[in-house]
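What's in protein-v9.tsv: TSV, C-alpha atoms
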```tsv
chain	number	residue	atom	x	y	z
A	299	ALA	CA	-14.65	4.21	19.09
A	300	LYS	CA	-17.53	5.47	17.02
A	301	LEU	CA	-17.33	8.44	14.73
A	302	ASP	CA	-19.93	11.14	15.34
A	303	PRO	CA	-22.50	10.89	12.48
A	304	GLU	CA	-22.40	14.65	11.88
A	305	ILE	CA	-18.62	14.57	11.52
A	306	ALA	CA	-18.77	11.41	9.38
A	307	ALA	CA	-21.17	13.13	6.98
A	308	GLU	CA	-18.47	15.71	6.23
A	309	CYS	CA	-15.72	13.12	5.62
A	310	TYR	CA	-15.04	11.52	2.28
A	311	VAL	CA	-12.02	10.14	0.48
A	312	VAL	CA	-10.51	12.75	-1.82
A	313	GLN	CA	-7.76	10.46	-3.06
A	314	ALA	CA	-6.47	6.95	-2.34
A	315	LYS	CA	-3.17	5.96	-3.88
A	316	GLU	CA	0.09	4.14	-3.45
A	317	LYS	CA	3.14	6.22	-2.56
A	318	PHE	CA	6.51	4.68	-1.74
A	319	ALA	CA	4.85	1.23	-1.81
A	320	THR	CA	2.34	2.07	0.91
A	321	LEU	CA	-1.29	3.12	0.93
A	322	ARG	CA	-2.12	6.80	1.24
A	323	TYR	CA	-5.57	8.22	1.99
A	324	TYR	CA	-6.37	11.88	1.59
A	325	MET	CA	-9.64	12.89	3.21
A	326	SER	CA	-11.87	15.96	2.97
A	327	ALA	CA	-11.68	16.14	6.76
A	328	GLU	CA	-9.75	13.93	9.14
A	329	PRO	CA	-11.10	13.93	12.68
A	330	GLU	CA	-8.90	12.29	15.32
A	331	GLU	CA	-11.09	9.17	15.51
A	332	LEU	CA	-10.74	8.59	11.76
A	333	ASP	CA	-7.05	9.52	11.67
A	334	ARG	CA	-6.17	6.53	13.89
A	335	PHE	CA	-7.87	4.09	11.51
A	336	ILE	CA	-6.23	5.65	8.46
A	337	SER	CA	-2.80	5.60	10.09
A	338	GLU	CA	-3.21	1.93	11.00
A	339	ALA	CA	-4.30	1.00	7.45
A	340	GLU	CA	-1.32	2.86	6.00
A	341	ALA	CA	1.05	1.10	8.42
A	342	GLN	CA	-0.43	-2.32	7.60
A	343	SER	CA	0.06	-1.68	3.89
A	344	ALA	CA	3.83	-1.51	4.46
A	345	ILE	CA	3.85	-5.09	5.79
A	346	THR	CA	1.20	-6.70	3.57
A	347	CYS	CA	2.16	-8.36	0.27
A	348	GLU	CA	0.59	-6.50	-2.66
A	349	SER	CA	0.22	-9.75	-4.56
A	350	CYS	CA	-1.15	-12.33	-2.10
A	351	GLY	CA	-1.91	-10.48	1.15
A	352	ALA	CA	0.60	-12.45	3.27
A	353	ARG	CA	3.05	-10.71	5.59
A	354	GLY	CA	5.57	-8.88	3.43
A	355	SER	CA	8.15	-6.14	3.48
A	356	LEU	CA	9.21	-3.19	1.38
A	357	ARG	CA	11.50	-4.21	-1.49
A	358	GLY	CA	13.43	-2.35	-4.14
A	359	THR	CA	15.88	0.49	-4.43
A	360	GLY	CA	14.16	2.97	-6.73
A	361	TRP	CA	10.67	1.74	-7.38
A	362	LEU	CA	9.40	0.26	-4.11
A	363	ILE	CA	6.98	-2.64	-3.77
A	364	THR	CA	5.68	-4.57	-0.77
A	365	LEU	CA	5.99	-8.34	-1.25
A	366	CYS	CA	6.34	-11.54	0.75
A	367	ASP	CA	9.40	-13.73	0.12
A	368	THR	CA	7.55	-16.07	-2.27
A	369	CYS	CA	6.02	-13.31	-4.40
A	370	ASN	CA	9.29	-11.39	-4.38
A	371	GLU	CA	11.09	-14.42	-5.81
A	372	SER	CA	8.54	-14.69	-8.61
A	373	TYR	CA	8.65	-10.91	-9.20
A	374	GLN	CA	12.46	-10.94	-9.43
A	375	LYS	CA	12.37	-13.77	-12.00
A	376	THR	CA	9.82	-11.85	-14.07
A	377	GLN	CA	11.87	-8.64	-13.92
A	378	TYR	CA	15.02	-10.54	-14.94
A	379	ARG	CA	13.22	-12.07	-17.93
A	380	LYS	CA	11.94	-8.64	-18.99
A	381	LEU	CA	15.43	-7.13	-18.76
A	382	LYS	CA	16.88	-9.96	-20.83
A	383	GLY	CA	14.13	-9.61	-23.45
A	384	LEU	CA	12.74	-13.04	-22.66
A	385	GLY	CA	9.19	-11.89	-21.95
A	386	GLY	CA	7.46	-11.23	-18.67
A	387	THR	CA	6.14	-14.68	-17.86
A	388	GLU	CA	7.65	-18.06	-17.17
```
Would you mind writing the structure in this file as C-alpha cells?
Amino acid sequence: AKLDPEIAAECYVVQAKEKFATLRYYMSAEPEELDRFISEAEAQSAITCESCGARGSLRGTGWLITLCDTCNESYQKTQYRKLKGLGGTE
C-alpha cells in the first residue's frame, strides 16, 4: 500500500524512543496506512535482540531489555560483575 503524497507531507516523527524494551514512534499525524507499518515495527522490536539483531525476547523484571539467549548470557555476566564491583567487562 502506498501512502498518499499529500498525507505523507504532513507526517513526521515527533519522537522515537524505547519504552518497556520496545520501540515507540510518535508521529505528527498517523494515517491508517502508516499506522500498520509503525505497529509492525513496534511488534518486531519486542522480538529482536537489541545487541545483535537475532530473534530475542523481553528479559528482566524491572528494567526490561530485548535480547537473544547468547547476548542475554553475556549481559547477565556483565551485570553480575558490576554488582560484585569487578568491573563491567570480562
Write out, as CSV, each residue of range 351-376 of chain A that has an atom at most 10 Å from range 303-318 of chain A, together with the closest pair of atoms and their distance in Å to one decimal, counting only C-alpha atoms, rows going by chain and rising number.
```
residue,atom,partner,partner_atom,distance
A:Leu356,CA,A:Phe318,CA,8.9
A:Gly360,CA,A:Phe318,CA,9.3
A:Trp361,CA,A:Phe318,CA,7.6
A:Leu362,CA,A:Phe318,CA,5.8
A:Ile363,CA,A:Phe318,CA,7.6
A:Thr364,CA,A:Phe318,CA,9.3
```
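Each of A:Glu331, A:Arg357, A:Met325, A:Leu301 was compared to Ile345 in chain A using only C-alpha atoms, and A:Arg357 turns out to be the nearest.
Reported to one decimal place, the separation of CA of Gln377 in chain A from CA of Glu340 in chain A is 26.5 Å.
Picture a line from CA of Gln374 in chain A to CA of Tyr323 in chain A; it runs 28.7 Å.
The two atoms in question, CA of Asp333 in chain A and CA of Ala352 in chain A, are spaced 24.7 Å apart.
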(Q) Could you check the closest approach to Leu321 in chain A for each of A:Arg334, A:Asp302, A:Ser349, A:Ala344 and tell me which residue wins, using all atoms listed in the file? (A) A:Ala344
(Q) Give me, as a ChimeraX atom specification, all polymer residues having an atom no more than 8 Å from Cys347 in chain A, counting only C-alpha atoms and skipping those fewer than 5 positions away in the same chain. (A) /A:352-355,364-366,369
Padding 5 Å on each side, edges along x, y and z: where is the centre of the box around the listed atoms of range 351-364 of chain A, and how long are its edges in Å to one decimal? Output it as JSON.
```
{"center_x": 7.0, "center_y": -4.7, "center_z": -0.9, "size_x": 27.8, "size_y": 25.4, "size_z": 23.0}
```
